[in-house]
Amino acid sequence: MTGTGNQAGRLLPPRHIAIIMDGNGRWAAKRGLPRTAGHKAGAENFRKIATYCKNIGVKYLTVYAFSTENWKRSETEVAAIMALLKRYLLEAVDTMERDHIRLHFFGDMTPVSPELQALARETDEITEHLSPDDFQANVCLNYGGRDEIVRAARQFAEDCAAGKRRPGELDEAVFSSYLDSAGIPDPELIIRPSGELRLSNFLLWQSAYAEFYYTDTLWPDFGEAELDKAIAAYHSRDRRFGGVK
């Protein structure tokens, strides 16, 4: 068992929680609304859950916002997701320092609009000025776990060709330093709402020893009580990391 309680009797949360924010489209369809309405509700819920994570002592929250495969969706849906992201980033630029929230992006940003790329760089600059002890939200945008690993391998190979590295130096720690998550501990708990039981190319390297929690609740309905259930389930697991207790 991993869990311990804090002074208020609440189980201490994992240091790093990752969430696949799934079910926005089905949430909207159940209400006779366009899929874009589901994404808007999901974005609002991200705000709420991020604030709750910060308040209960989670250090890192990583969310799957847009995968490398999501470009296959309709232009209308993709545009709506990007517009929501732009609005969130504009608000983040104004509030990050006040709220002590660091923001970092995982993924290949090159296909994203120059405007969003510029906003992401601005949030990175603000993050650099904040304390490393502040809460950090990591947003996976145009992200795929396989793509991340390929990009890391390519960069290591280029560094070897340039004489900056030697192939024999490569171990897990060195390879991790080339990933989007460099410097960030692996997630202890990965949550997937919506009833789907798969990883969908999310944090493939980093999830090696994560605990998984699945629920039928759709992401826009995944509230604080649902997160508390996930944390309680995490604390019920016997985490041996391949060993024996």
# chains A, B, ... in the order shown; residues from 1 in each chain; ligands from 1
call {"tool": "residues_around", "arguments": {"residues": "Glu226 (chain A)", "least_positions_apart": "6", "cutoff": "12 Å", "atoms": "only C-alpha atoms", "output": "PyMOL selection string"}}
result
chain A and resi 49+52+191-193+213-220+232-233
call {"tool": "closest_atom_pairs", "arguments": {"of": "region 145-212 of chain A", "to": "region 120-139 of chain A", "cutoff": "10 Å", "atoms": "only C-alpha atoms", "output": "Markdown table"}}
result
| residue | atom | partner | partner_atom | distance |
| --- | --- | --- | --- | --- |
| A:Asp180 | CA | A:Asn138 | CA | 9.9 |
| A:Ser181 | CA | A:Asn138 | CA | 8.7 |
| A:Ile184 | CA | A:Gln136 | CA | 9.7 |
call {"tool": "residues_around", "arguments": {"residues": "Leu199 (chain A)", "least_positions_apart": "6", "cutoff": "10 Å", "atoms": "only C-alpha atoms", "output": "PyMOL selection string"}}
result
chain A and resi 20+145+190-192+207+212
call {"tool": "write_last_selection", "arguments": {"atoms": "N, CA and C atoms", "output": "compact mmCIF listing (two decimals), in the first residue's frame"}}
result
# COMPACT_ATOMS: atom_id res chain seq x y z
N ILE A 20 -6.02 11.43 -19.66
CA ILE A 20 -6.46 11.43 -21.05
C ILE A 20 -7.87 12.02 -21.05
N GLY A 145 3.04 9.43 -28.23
CA GLY A 145 4.15 8.80 -27.52
C GLY A 145 5.21 8.25 -28.45
N ILE A 190 -2.19 7.40 -14.04
CA ILE A 190 -2.77 7.83 -15.31
C ILE A 190 -4.25 7.51 -15.30
N ILE A 191 -5.07 8.53 -15.57
CA ILE A 191 -6.52 8.40 -15.50
C ILE A 191 -7.09 8.52 -16.91
N ARG A 192 -8.02 7.61 -17.25
CA ARG A 192 -8.74 7.75 -18.51
C ARG A 192 -10.24 7.67 -18.25
N SER A 207 5.04 5.94 -18.89
CA SER A 207 4.00 5.19 -18.17
C SER A 207 4.45 3.79 -17.76
N PHE A 212 -2.88 2.66 -13.50
CA PHE A 212 -3.93 3.11 -14.41
C PHE A 212 -5.29 3.07 -13.72
call {"tool": "residues_around", "arguments": {"residues": "region 57-62 of chain A", "least_positions_apart": "2", "cutoff": "12 Å", "atoms": "only C-alpha atoms", "output": "ChimeraX atom specification"}}
result
/A:6,10-21,46-47,49-55,64-65,100-106,131-141,143,180-181,183-191,202-203,206-207,227,231
call {"tool": "closest_residue", "arguments": {"among": "A:Phe156, A:Trp27, A:Trp205, A:Phe66", "to": "Val112 (chain A)", "atoms": "only C-alpha atoms"}}
result
A:Phe66
call {"tool": "residues_around", "arguments": {"residues": "Arg26 (chain A)", "least_positions_apart": "4", "cutoff": "8 Å", "atoms": "only C-alpha atoms", "output": "list in words"}}
result
Lys30, Arg35, Gly38 and Leu218 of chain A
call {"tool": "select_by_dssp", "arguments": {"residues": "region 1-238 of chain A", "states": "strand (DSSP E)", "output": "VMD selection string"}}
result
chain A and resid 16 to 20 60 to 67 101 to 106 135 to 143 189 to 192 211 to 214
